[in-house]
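Peer 1: data.cif is the file, holding mmCIF, C-alpha atoms:
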data_my_file
loop_
_atom_site.label_atom_id
_atom_site.label_comp_id
_atom_site.auth_asym_id
_atom_site.auth_seq_id
_atom_site.Cartn_x
_atom_site.Cartn_y
_atom_site.Cartn_z
CA ASN A 251 12.72 20.25 -5.41
CA ALA A 252 12.75 23.34 -7.64
CA ASP A 253 9.42 22.49 -9.32
CA TYR A 254 7.64 22.29 -5.97
CA ALA A 255 9.26 25.51 -4.76
CA SER A 256 8.14 27.30 -7.92
CA ALA A 257 4.61 25.89 -7.65
CA ARG A 258 4.35 26.87 -3.99
CA ILE A 259 5.42 30.46 -4.73
CA SER A 260 2.92 30.71 -7.59
CA PHE A 261 0.05 29.28 -5.52
CA GLU A 262 0.89 31.50 -2.52
CA ARG A 263 0.79 34.58 -4.76
CA SER A 264 -2.56 33.47 -6.12
CA LEU A 265 -3.77 32.84 -2.57
CA ALA A 266 -2.85 36.37 -1.47
CA ILE A 267 -4.62 37.90 -4.47
CA ARG A 268 -7.76 35.81 -3.92
CA ARG A 269 -7.89 36.80 -0.24
CA GLU A 270 -7.56 40.46 -1.10
CA LEU A 271 -10.32 40.23 -3.72
CA GLY A 272 -12.60 38.23 -1.46
CA ASP A 273 -12.86 35.55 -4.16
CA LYS A 274 -13.91 32.61 -2.01
CA GLN A 275 -14.07 30.04 -4.81
CA GLY A 276 -10.67 31.07 -6.15
CA LEU A 277 -9.29 31.12 -2.62
CA ALA A 278 -10.53 27.56 -2.02
CA GLY A 279 -8.85 26.46 -5.25
CA SER A 280 -5.52 28.03 -4.26
CA LEU A 281 -5.72 26.42 -0.82
CA ASN A 282 -6.37 23.03 -2.44
CA ASN A 283 -3.36 23.42 -4.75
CA LEU A 284 -1.07 24.42 -1.89
CA GLY A 285 -2.29 21.39 0.06
CA ILE A 286 -1.28 19.09 -2.80
CA VAL A 287 2.24 20.57 -2.80
CA ALA A 288 2.45 20.20 0.99
CA VAL A 289 1.29 16.57 1.11
CA ASP A 290 3.63 15.55 -1.72
CA GLN A 291 6.52 16.97 0.28
CA GLY A 292 5.46 15.18 3.45
CA ASP A 293 4.06 18.21 5.33
CA TYR A 294 0.80 16.56 6.34
CA ALA A 295 -0.15 19.02 9.10
CA ARG A 296 0.05 21.95 6.67
CA ALA A 297 -1.85 20.02 3.99
CA ARG A 298 -4.64 19.23 6.47
CA ALA A 299 -4.92 22.86 7.58
CA LEU A 300 -5.09 24.10 3.98
CA TRP A 301 -7.68 21.53 2.92
CA GLU A 302 -9.81 22.11 6.02
CA GLU A 303 -9.91 25.84 5.25
CA ALA A 304 -10.78 25.05 1.62
CA LEU A 305 -13.54 22.68 2.75
CA ALA A 306 -15.05 25.31 5.06
CA LEU A 307 -15.14 27.79 2.17
CA ASN A 308 -16.71 25.28 -0.21
CA ILE A 309 -19.37 24.41 2.37
CA GLU A 310 -20.05 28.13 2.85
CA ILE A 311 -20.53 28.77 -0.88
CA GLY A 312 -22.31 25.46 -1.49
CA ASN A 313 -19.88 23.93 -3.99
CA GLU A 314 -20.48 20.22 -3.42
CA ALA A 315 -18.14 18.95 -6.15
CA TRP A 316 -15.21 20.74 -4.53
CA GLN A 317 -16.32 19.59 -1.09
CA ALA A 318 -15.92 16.03 -2.40
CA THR A 319 -12.42 16.87 -3.65
CA ASN A 320 -11.48 18.32 -0.25
CA TYR A 321 -12.77 15.23 1.55
CA GLU A 322 -10.82 13.01 -0.89
CA ASN A 323 -7.63 14.91 -0.19
CA LEU A 324 -8.13 14.89 3.58
CA GLY A 325 -8.65 11.13 3.36
CA PHE A 326 -5.50 10.75 1.28
CA ALA A 327 -3.43 12.62 3.87
CA ALA A 328 -4.95 10.60 6.72
CA ALA A 329 -4.08 7.32 4.97
CA LEU A 330 -0.50 8.45 4.38
CA GLU A 331 -0.22 9.23 8.09
CA GLY A 332 -1.61 5.80 8.98
CA ASP A 333 -4.98 6.98 10.34
CA PHE A 334 -6.92 4.59 8.15
CA GLN A 335 -10.30 4.86 9.87
CA ARG A 336 -10.32 8.64 9.47
CA ALA A 337 -9.19 8.17 5.88
CA ARG A 338 -12.08 5.79 5.25
CA ASP A 339 -14.57 8.23 6.77
CA TYR A 340 -13.38 11.11 4.59
CA ALA A 341 -13.29 9.01 1.42
CA GLY A 342 -16.77 7.70 2.19
CA ARG A 343 -18.11 11.25 2.46
CA ALA A 344 -16.47 12.17 -0.84
CA LEU A 345 -17.87 9.10 -2.55
CA ALA A 346 -21.40 9.72 -1.25
CA ILE A 347 -21.38 13.31 -2.54
CA SER A 348 -19.93 12.33 -5.90
CA ARG A 349 -22.43 9.51 -6.42
CA ARG A 350 -25.29 11.87 -5.60
CA LEU A 351 -23.96 14.41 -8.11
CA GLY A 352 -23.27 11.74 -10.74
CA ASP A 353 -19.71 13.10 -11.02
CA ARG A 354 -17.83 10.15 -12.52
CA THR A 355 -14.41 11.79 -12.31
CA ASN A 356 -14.79 12.45 -8.60
CA ILE A 357 -16.30 8.99 -8.06
CA VAL A 358 -13.13 7.45 -9.49
CA GLN A 359 -10.91 9.66 -7.36
CA ALA A 360 -12.90 8.92 -4.20
CA LEU A 361 -12.73 5.17 -4.84
CA ILE A 362 -8.95 5.40 -5.32
CA LYS A 363 -8.70 7.25 -1.98
CA LEU A 364 -10.99 4.69 -0.31
CA GLY A 365 -8.77 1.79 -1.41
CA PRO A 366 -5.70 2.56 0.76
CA ALA A 367 -7.91 3.22 3.78
CA ALA A 368 -9.61 -0.18 3.48
CA HIS A 369 -6.26 -1.85 2.76
CA GLY A 370 -4.72 -0.26 5.84
CA LEU A 371 -7.61 -1.61 7.93
CA ARG A 372 -6.98 -5.05 6.36
CA ASP A 373 -10.42 -5.02 4.76
CA TYR A 374 -8.97 -6.41 1.56
CA ALA A 375 -12.35 -7.25 0.03
CA ALA A 376 -13.48 -3.62 0.35
CA ALA A 377 -10.15 -2.37 -0.98
CA TYR A 378 -10.39 -4.68 -3.99
CA GLU A 379 -13.98 -3.61 -4.65
CA ALA A 380 -13.05 0.10 -4.54
CA TYR A 381 -10.06 -0.26 -6.85
CA ASP A 382 -11.93 -2.57 -9.23
CA GLU A 383 -14.83 -0.14 -9.64
CA ALA A 384 -12.36 2.73 -10.07
CA LEU A 385 -10.55 0.81 -12.80
CA ILE A 386 -13.75 0.02 -14.69
CA LEU A 387 -14.93 3.64 -14.55
CA ALA A 388 -11.48 5.00 -15.48
CA GLN A 389 -11.38 2.67 -18.49
CA GLN A 390 -14.79 3.94 -19.57
CA THR A 391 -13.77 7.60 -19.27
CA GLY A 392 -10.24 7.13 -20.62
CA GLU A 393 -8.53 8.44 -17.46
CA ARG A 394 -5.25 6.60 -17.88
CA ARG A 395 -3.54 8.02 -14.80
CA ARG A 396 -6.43 6.79 -12.67
CA MET A 397 -6.25 3.43 -14.45
CA GLY A 398 -2.59 3.18 -13.45
CA GLN A 399 -3.40 4.10 -9.85
CA ALA A 400 -6.25 1.60 -9.63
CA LEU A 401 -4.07 -1.18 -11.06
CA LEU A 402 -1.38 -0.35 -8.49
CA GLY A 403 -3.93 -0.63 -5.70
CA LEU A 404 -5.25 -3.94 -7.03
CA GLY A 405 -1.68 -5.24 -7.23
CA GLN A 406 -1.00 -4.22 -3.64
CA VAL A 407 -4.17 -5.98 -2.48
CA ALA A 408 -3.27 -9.14 -4.42
CA SER A 409 0.18 -9.13 -2.82
CA ALA A 410 -1.30 -8.64 0.66
CA VAL A 411 -3.56 -11.69 0.29
CA GLY A 412 -0.71 -13.83 -1.03
CA ASP A 413 -1.48 -13.95 -4.76
CA GLN A 414 1.96 -12.87 -5.92
CA SER A 415 1.48 -13.96 -9.53
CA GLN A 416 -1.62 -11.79 -9.90
CA ALA A 417 0.12 -8.97 -8.02
CA ARG A 418 3.06 -8.97 -10.44
CA SER A 419 0.70 -8.92 -13.43
CA LEU A 420 -1.35 -6.01 -12.07
CA LEU A 421 1.71 -4.02 -11.03
CA GLY A 422 3.23 -4.58 -14.46
CA GLN A 423 0.04 -3.28 -16.07
CA SER A 424 0.08 -0.27 -13.76
CA LEU A 425 3.67 0.59 -14.62
CA THR A 426 3.01 0.11 -18.34
CA VAL A 427 0.03 2.50 -18.24
CA LEU A 428 1.86 5.12 -16.17
CA ARG A 429 4.96 4.84 -18.35
CA GLY A 430 2.81 5.27 -21.44
CA ILE A 431 1.56 8.68 -20.29
CA GLY A 432 4.92 9.79 -18.90
CA ALA A 433 3.71 9.80 -15.28
CA ARG A 434 7.21 9.21 -13.88
CA GLY A 435 6.28 10.81 -10.58
CA GLU A 436 4.03 7.82 -9.86
CA PHE A 437 6.57 5.08 -10.54
CA ALA A 438 8.06 4.88 -7.03
CA PRO A 439 5.14 3.08 -5.29
CA VAL A 440 5.09 0.52 -8.10
CA PHE A 441 8.84 -0.10 -7.73
CA GLU A 442 8.38 -0.48 -3.96
CA ALA A 443 5.52 -2.95 -4.36
CA LEU A 444 7.51 -5.03 -6.86
CA ALA A 445 10.52 -4.90 -4.54
CA ARG A 446 8.46 -6.32 -1.67
CA ILE A 447 7.35 -9.21 -3.88
CA ALA A 448 10.94 -9.85 -5.02
CA CYS A 449 12.08 -9.74 -1.40
CA ASN A 450 9.41 -12.25 -0.34
CA GLU A 451 10.23 -14.57 -3.24
CA GLY A 452 13.99 -14.69 -2.71
CA ALA A 453 15.18 -12.28 -5.41
CA PRO A 454 17.17 -9.91 -3.19
CA VAL A 455 19.33 -8.30 -5.89
CA ARG A 456 16.28 -7.20 -7.88
CA ALA A 457 14.52 -6.08 -4.71
CA ALA A 458 17.49 -3.98 -3.61
CA GLN A 459 17.82 -2.32 -7.01
CA LEU A 460 14.10 -1.53 -7.17
CA LEU A 461 14.15 -0.04 -3.68
CA GLY A 462 17.15 2.04 -4.67
CA ALA A 463 15.39 3.18 -7.84
CA ALA A 464 12.33 4.22 -5.84
CA GLU A 465 14.46 6.11 -3.32
CA GLY A 466 16.38 7.87 -6.07
CA LEU A 467 13.18 8.94 -7.80
CA ARG A 468 11.67 10.17 -4.54
CA ASP A 469 14.84 12.14 -3.75
CA ARG A 470 14.84 13.80 -7.16
CA LEU A 471 11.15 14.70 -6.94
CA GLY A 472 11.19 15.70 -3.27
CA THR A 473 8.39 13.24 -2.41
CA PRO A 474 9.42 11.23 0.66
CA LEU A 475 7.92 7.97 1.85
CA SER A 476 4.93 8.54 4.11
CA PRO A 477 4.70 7.28 7.71
CA SER A 478 2.27 4.55 6.61
CA GLU A 479 4.60 3.37 3.83
CA ARG A 480 7.86 3.48 5.80
CA PRO A 481 7.40 0.28 7.91
CA ASP A 482 7.08 -2.02 4.85
CA TYR A 483 10.08 -0.35 3.20
CA ASP A 484 12.23 -0.69 6.33
CA ARG A 485 11.12 -4.30 6.87
CA CYS A 486 12.10 -5.24 3.32
CA LEU A 487 15.42 -3.42 3.67
CA SER A 488 16.16 -5.28 6.90
CA GLU A 489 15.40 -8.64 5.26
CA LEU A 490 17.62 -7.73 2.34
CA HIS A 491 20.44 -6.89 4.74
CA GLU A 492 20.17 -10.42 6.14
CA MET A 493 20.02 -12.03 2.69
CA LEU A 494 22.74 -10.02 0.94
CA GLY A 495 24.93 -8.58 3.66
CA GLN A 496 25.71 -4.89 4.04
CA ALA A 497 28.19 -4.56 1.17
CA ALA A 498 26.08 -6.27 -1.51
CA LEU A 499 22.93 -4.52 -0.34
CA LYS A 500 24.61 -1.13 -0.55
CA ARG A 501 26.08 -1.88 -3.98
CA ASN A 502 22.79 -3.00 -5.54
CA TRP A 503 20.72 -0.32 -3.81
CA THR A 504 23.17 2.33 -5.07
CA GLU A 505 23.01 0.91 -8.61
CA GLY A 506 19.22 1.17 -8.49
CA LYS A 507 19.30 4.67 -7.09
CA ALA A 508 21.48 5.82 -9.99
CA MET A 509 18.93 4.62 -12.59
CA THR A 510 16.72 7.13 -14.36
CA ALA A 511 12.98 6.66 -13.91
CA ASP A 512 12.66 5.26 -17.42
CA ALA A 513 15.62 2.90 -17.03
CA ALA A 514 14.22 1.63 -13.72
CA ALA A 515 10.79 1.09 -15.29
CA ALA A 516 12.35 -0.88 -18.15
CA TYR A 517 14.34 -2.94 -15.61
CA ALA A 518 11.22 -3.66 -13.54
CA LEU A 519 9.15 -4.69 -16.55
CA GLU A 520 11.98 -6.79 -18.02
CA HIS A 521 11.91 -9.04 -14.95
CA LEU A 522 8.18 -9.66 -14.95
CA PRO A 523 6.87 -13.02 -16.22
CA GLY A 524 6.24 -13.05 -19.94
CA ASN A 525 8.80 -10.34 -20.71
#
Please express the file's structure as structure tokens.

Peer 2:
Amino acid sequence: NADYASARISFERSLAIRRELGDKQGLAGSLNNLGIVAVDQGDYARARALWEEALALNIEIGNEAWQATNYENLGFAAALEGDFQRARDYAGRALAISRRLGDRTNIVQALIKLGPAAHGLRDYAAAYEAYDEALILAQQTGERRRMGQALLGLGQVASAVGDQSQARSLLGQSLTVLRGIGARGEFAPVFEALARIACNEGAPVRAAQLLGAAEGLRDRLGTPLSPSERPDYDRCLSELHEMLGQAALKRNWTEGKAMTADAAAAYALEHLPGN
């Protein structure tokens, strides 16, 4: 993706300048930014190395707020790789620091990173609690992107425990919030979660189109499915193959993939109850 390539070049230039100047705080910031680019593109080993170097620098200079951010990001990468216990440990460290500092923004972010770790460990009560607190705090501070992320997590938890009606409602709210702020880059996980529900409830055409829409968006952004997300996606695709057959699956998946992000969001919301 051209945007990621441009960002990486810019951050690498900044990194080189910061190293030369001996600007440790600036260097840690550049390392953090490069890690975000790397993890979004699926290069988890590079992201880890960058964030670990940033964390060491922030510990050296005593910047606790940025230490919390580094721990959050390391936890995020671990969850995407499927190492949920390590993800939980990192997110827990971030949350403890942020609570001690009274840093509400970082508390919200740490809770949102803690949610997937608990979910992956099938501790659905802890996942719900983390996302619910994150949602309440994000509503209080007006952080709409975080609201959308917390609602997505709550929807995923509801789906996992079998409350599909509540899951659809929460996922619809998430998509509505994210759509309202133009956060198209965050639509794909919502489409995938709604597709899994549609697949489970015998709506294979809608499921196939939503999976296609998610894949198309990820391809355009250069943000592939993570190792921890891939099994659910492949399982749903396999079930759809059985329900629709290869030809119909390919046709509907291709139709979904051709949708723009906004068109796919409108399609997803149109098929939710009450719309």

Peer 1: Using only C-alpha atoms, which of the listed residues (A:Gly452, A:Ala515, A:Gly342, A:Met509) sits closest to A:Gln423?

Peer 2: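 Nearest candidate to A:Gln423 out of A:Gly452, A:Ala515, A:Gly342, A:Met509: A:Ala515.
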
Peer 1: Give the answer as one residue: which of A:Leu387, A:Leu364, A:Leu425, A:Val411 has the shortest atom-to-atom distance to A:Glu520, using only C-alpha atoms?

Peer 2: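 Under the stated criterion, the closest residue is A:Leu425.
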
Peer 1: Please identify every residue of stretch 407-523 of chain A that has at least one atom no farther than 7 Å from an atom of stretch 270-293 of chain A, counting all atoms listed in the file, and for each give the shortest atom pair and the distance in Å to one decimal, arranged by chain then increasing number, as CSV.

Peer 2:
residue,atom,partner,partner_atom,distance
A:Gly472,CA,A:Gln291,CA,6.0
A:Thr473,CA,A:Gln291,CA,5.0
A:Pro474,CA,A:Gly292,CA,6.3
A:Ser476,CA,A:Gly292,CA,6.7

Peer 1: A:Asn313, A:Leu265, A:Val455, A:Tyr321: which is nearest A:Ala497, counting all atoms listed in the file?

Peer 2: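 The answer is A:Val455, which sits nearest to A:Ala497.
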
Peer 1: On this structure, which residues satisfy the PyMOL selection byres ((chain A and resi 443) around 12), written as a compact mmCIF listing (two decimals) with C-alpha atoms, in the coordinates of the input?

Peer 2:
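Saved to expr-v8.txt:
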# COMPACT_ATOMS: atom_id res chain seq x y z
CA LEU A 401 -4.07 -1.18 -11.06
CA LEU A 402 -1.38 -0.35 -8.49
CA GLY A 403 -3.93 -0.63 -5.70
CA LEU A 404 -5.25 -3.94 -7.03
CA GLY A 405 -1.68 -5.24 -7.23
CA GLN A 406 -1.00 -4.22 -3.64
CA VAL A 407 -4.17 -5.98 -2.48
CA ALA A 408 -3.27 -9.14 -4.42
CA SER A 409 0.18 -9.13 -2.82
CA ALA A 410 -1.30 -8.64 0.66
CA GLN A 414 1.96 -12.87 -5.92
CA ALA A 417 0.12 -8.97 -8.02
CA ARG A 418 3.06 -8.97 -10.44
CA SER A 419 0.70 -8.92 -13.43
CA LEU A 420 -1.35 -6.01 -12.07
CA LEU A 421 1.71 -4.02 -11.03
CA GLY A 422 3.23 -4.58 -14.46
CA SER A 424 0.08 -0.27 -13.76
CA LEU A 425 3.67 0.59 -14.62
CA PHE A 437 6.57 5.08 -10.54
CA ALA A 438 8.06 4.88 -7.03
CA PRO A 439 5.14 3.08 -5.29
CA VAL A 440 5.09 0.52 -8.10
CA PHE A 441 8.84 -0.10 -7.73
CA GLU A 442 8.38 -0.48 -3.96
CA LEU A 444 7.51 -5.03 -6.86
CA ALA A 445 10.52 -4.90 -4.54
CA ARG A 446 8.46 -6.32 -1.67
CA ILE A 447 7.35 -9.21 -3.88
CA ALA A 448 10.94 -9.85 -5.02
CA CYS A 449 12.08 -9.74 -1.40
CA ASN A 450 9.41 -12.25 -0.34
CA ALA A 457 14.52 -6.08 -4.71
CA LEU A 460 14.10 -1.53 -7.17
CA LEU A 461 14.15 -0.04 -3.68
CA ALA A 464 12.33 4.22 -5.84
CA GLU A 479 4.60 3.37 3.83
CA ASP A 482 7.08 -2.02 4.85
CA TYR A 483 10.08 -0.35 3.20
CA CYS A 486 12.10 -5.24 3.32
CA ALA A 518 11.22 -3.66 -13.54

Peer 1: Take the PyMOL selection byres ((chain A and resi 325) around 7), run it mentally on this structure, and tell me the resulting residues as a ChimeraX atom specification.

Peer 2: /A:321-324,326-329,336-338,340-341,363

Peer 1: Can you pull out the residues contacting A:Ala380? Cut-off 8 Å, using all atoms listed in the file, and skip same-chain residues under 3 positions away; I want them as a PyMOL selection string.

Peer 2: chain A and resi 361-362+364-365+376-377+383-384

Peer 1: With C-alpha atoms retained, export the selected residues as a tab-separated table (two decimals), in the coordinates of the input.

Peer 2:
chain	number	residue	atom	x	y	z
A	361	LEU	CA	-12.73	5.17	-4.84
A	362	ILE	CA	-8.95	5.40	-5.32
A	364	LEU	CA	-10.99	4.69	-0.31
A	365	GLY	CA	-8.77	1.79	-1.41
A	376	ALA	CA	-13.48	-3.62	0.35
A	377	ALA	CA	-10.15	-2.37	-0.98
A	383	GLU	CA	-14.83	-0.14	-9.64
A	384	ALA	CA	-12.36	2.73	-10.07

Peer 1: With all atoms listed in the file as the basis for distance, which of A:Leu305, A:Leu519, A:Ala511, A:Gly332 is at the shortest distance from A:Leu371?

Peer 2: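 Among the listed residues, the smallest separation from A:Leu371 belongs to A:Gly332.
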
Peer 1: Can you turn the PyMOL selection byres ((chain A and resi 354) around 12) into a concrete residue list for this file, as a PyMOL selection string?

Peer 2: chain A and resi 315+318+344-353+355-361+383-393+396

Peer 1: One number please: atom CA of A:Trp316 to atom CA of A:Arg258, in Å, one decimal.

Peer 2: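 It comes out at 20.5 Å.
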
Peer 1: Using atom CA of A:Arg468 and atom CA of A:Thr510 as the two end points, give the distance in Å to one decimal.

Peer 2: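 These atoms are spaced 11.5 Å apart.
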
Peer 1: Give me stretch 386-412 of chain A with N, CA, C and O atoms filled in, as an mmCIF file, in the coordinates of the input.

Peer 2:
data_model
loop_
_atom_site.group_PDB
_atom_site.id
_atom_site.type_symbol
_atom_site.label_atom_id
_atom_site.label_comp_id
_atom_site.auth_asym_id
_atom_site.auth_seq_id
_atom_site.Cartn_x
_atom_site.Cartn_y
_atom_site.Cartn_z
ATOM 1 N N ILE A 386 -12.709 0.143 -13.659
ATOM 2 C CA ILE A 386 -13.750 0.020 -14.690
ATOM 3 C C ILE A 386 -14.205 1.408 -15.159
ATOM 4 O O ILE A 386 -14.308 1.681 -16.363
ATOM 5 N N LEU A 387 -14.469 2.299 -14.205
ATOM 6 C CA LEU A 387 -14.930 3.640 -14.550
ATOM 7 C C LEU A 387 -13.844 4.426 -15.290
ATOM 8 O O LEU A 387 -14.127 5.142 -16.258
ATOM 9 N N ALA A 388 -12.586 4.296 -14.830
ATOM 10 C CA ALA A 388 -11.480 5.000 -15.480
ATOM 11 C C ALA A 388 -11.279 4.507 -16.913
ATOM 12 O O ALA A 388 -10.958 5.293 -17.815
ATOM 13 N N GLN A 389 -11.466 3.207 -17.119
ATOM 14 C CA GLN A 389 -11.380 2.670 -18.490
ATOM 15 C C GLN A 389 -12.474 3.237 -19.364
ATOM 16 O O GLN A 389 -12.250 3.547 -20.541
ATOM 17 N N GLN A 390 -13.657 3.408 -18.802
ATOM 18 C CA GLN A 390 -14.790 3.940 -19.570
ATOM 19 C C GLN A 390 -14.583 5.399 -19.937
ATOM 20 O O GLN A 390 -14.993 5.840 -21.015
ATOM 21 N N THR A 391 -13.956 6.159 -19.039
ATOM 22 C CA THR A 391 -13.770 7.600 -19.270
ATOM 23 C C THR A 391 -12.408 7.927 -19.879
ATOM 24 O O THR A 391 -12.149 9.081 -20.213
ATOM 25 N N GLY A 392 -11.552 6.908 -20.012
ATOM 26 C CA GLY A 392 -10.240 7.130 -20.620
ATOM 27 C C GLY A 392 -9.248 7.841 -19.730
ATOM 28 O O GLY A 392 -8.268 8.416 -20.225
ATOM 29 N N GLU A 393 -9.448 7.791 -18.404
ATOM 30 C CA GLU A 393 -8.530 8.440 -17.460
ATOM 31 C C GLU A 393 -7.360 7.491 -17.161
ATOM 32 O O GLU A 393 -7.402 6.716 -16.211
ATOM 33 N N ARG A 394 -6.320 7.582 -17.964
ATOM 34 C CA ARG A 394 -5.250 6.600 -17.880
ATOM 35 C C ARG A 394 -4.437 6.711 -16.579
ATOM 36 O O ARG A 394 -3.992 5.693 -16.046
ATOM 37 N N ARG A 395 -4.254 7.902 -16.072
ATOM 38 C CA ARG A 395 -3.540 8.020 -14.800
ATOM 39 C C ARG A 395 -4.307 7.293 -13.697
ATOM 40 O O ARG A 395 -3.718 6.580 -12.881
ATOM 41 N N ARG A 396 -5.623 7.488 -13.670
ATOM 42 C CA ARG A 396 -6.430 6.790 -12.670
ATOM 43 C C ARG A 396 -6.418 5.288 -12.900
ATOM 44 O O ARG A 396 -6.459 4.502 -11.948
ATOM 45 N N MET A 397 -6.368 4.862 -14.156
ATOM 46 C CA MET A 397 -6.250 3.430 -14.450
ATOM 47 C C MET A 397 -4.963 2.888 -13.816
ATOM 48 O O MET A 397 -4.972 1.831 -13.172
ATOM 49 N N GLY A 398 -3.868 3.610 -14.019
ATOM 50 C CA GLY A 398 -2.590 3.180 -13.450
ATOM 51 C C GLY A 398 -2.637 3.104 -11.943
ATOM 52 O O GLY A 398 -2.106 2.161 -11.328
ATOM 53 N N GLN A 399 -3.297 4.084 -11.314
ATOM 54 C CA GLN A 399 -3.400 4.100 -9.850
ATOM 55 C C GLN A 399 -4.265 2.953 -9.344
ATOM 56 O O GLN A 399 -3.943 2.315 -8.337
ATOM 57 N N ALA A 400 -5.374 2.698 -10.045
ATOM 58 C CA ALA A 400 -6.250 1.600 -9.630
ATOM 59 C C ALA A 400 -5.564 0.246 -9.783
ATOM 60 O O ALA A 400 -5.687 -0.631 -8.914
ATOM 61 N N LEU A 401 -4.821 0.066 -10.858
ATOM 62 C CA LEU A 401 -4.070 -1.180 -11.060
ATOM 63 C C LEU A 401 -3.003 -1.363 -9.983
ATOM 64 O O LEU A 401 -2.777 -2.486 -9.510
ATOM 65 N N LEU A 402 -2.346 -0.278 -9.598
ATOM 66 C CA LEU A 402 -1.380 -0.350 -8.490
ATOM 67 C C LEU A 402 -2.070 -0.836 -7.229
ATOM 68 O O LEU A 402 -1.577 -1.752 -6.549
ATOM 69 N N GLY A 403 -3.209 -0.222 -6.905
ATOM 70 C CA GLY A 403 -3.930 -0.630 -5.700
ATOM 71 C C GLY A 403 -4.356 -2.090 -5.746
ATOM 72 O O GLY A 403 -4.226 -2.818 -4.747
ATOM 73 N N LEU A 404 -4.857 -2.533 -6.890
ATOM 74 C CA LEU A 404 -5.250 -3.940 -7.030
ATOM 75 C C LEU A 404 -4.043 -4.860 -6.856
ATOM 76 O O LEU A 404 -4.149 -5.937 -6.247
ATOM 77 N N GLY A 405 -2.896 -4.448 -7.390
ATOM 78 C CA GLY A 405 -1.680 -5.240 -7.230
ATOM 79 C C GLY A 405 -1.249 -5.325 -5.776
ATOM 80 O O GLY A 405 -0.818 -6.388 -5.299
ATOM 81 N N GLN A 406 -1.369 -4.225 -5.062
ATOM 82 C CA GLN A 406 -1.000 -4.220 -3.640
ATOM 83 C C GLN A 406 -1.934 -5.121 -2.831
ATOM 84 O O GLN A 406 -1.490 -5.827 -1.920
ATOM 85 N N VAL A 407 -3.216 -5.113 -3.173
ATOM 86 C CA VAL A 407 -4.170 -5.980 -2.480
ATOM 87 C C VAL A 407 -3.852 -7.449 -2.779
ATOM 88 O O VAL A 407 -3.827 -8.288 -1.868
ATOM 89 N N ALA A 408 -3.588 -7.759 -4.050
ATOM 90 C CA ALA A 408 -3.270 -9.140 -4.420
ATOM 91 C C ALA A 408 -2.023 -9.623 -3.666
ATOM 92 O O ALA A 408 -1.986 -10.765 -3.182
ATOM 93 N N SER A 409 -1.031 -8.763 -3.559
ATOM 94 C CA SER A 409 0.180 -9.130 -2.820
ATOM 95 C C SER A 409 -0.123 -9.380 -1.344
ATOM 96 O O SER A 409 0.370 -10.336 -0.737
ATOM 97 N N ALA A 410 -0.981 -8.520 -0.772
ATOM 98 C CA ALA A 410 -1.300 -8.640 0.660
ATOM 99 C C ALA A 410 -2.023 -9.942 0.977
ATOM 100 O O ALA A 410 -1.856 -10.497 2.063
ATOM 101 N N VAL A 411 -2.825 -10.442 0.023
ATOM 102 C CA VAL A 411 -3.560 -11.690 0.290
ATOM 103 C C VAL A 411 -2.796 -12.914 -0.209
ATOM 104 O O VAL A 411 -3.306 -14.032 -0.156
ATOM 105 N N GLY A 412 -1.575 -12.701 -0.692
ATOM 106 C CA GLY A 412 -0.710 -13.830 -1.030
ATOM 107 C C GLY A 412 -0.736 -14.276 -2.469
ATOM 108 O O GLY A 412 -0.101 -15.282 -2.811
#
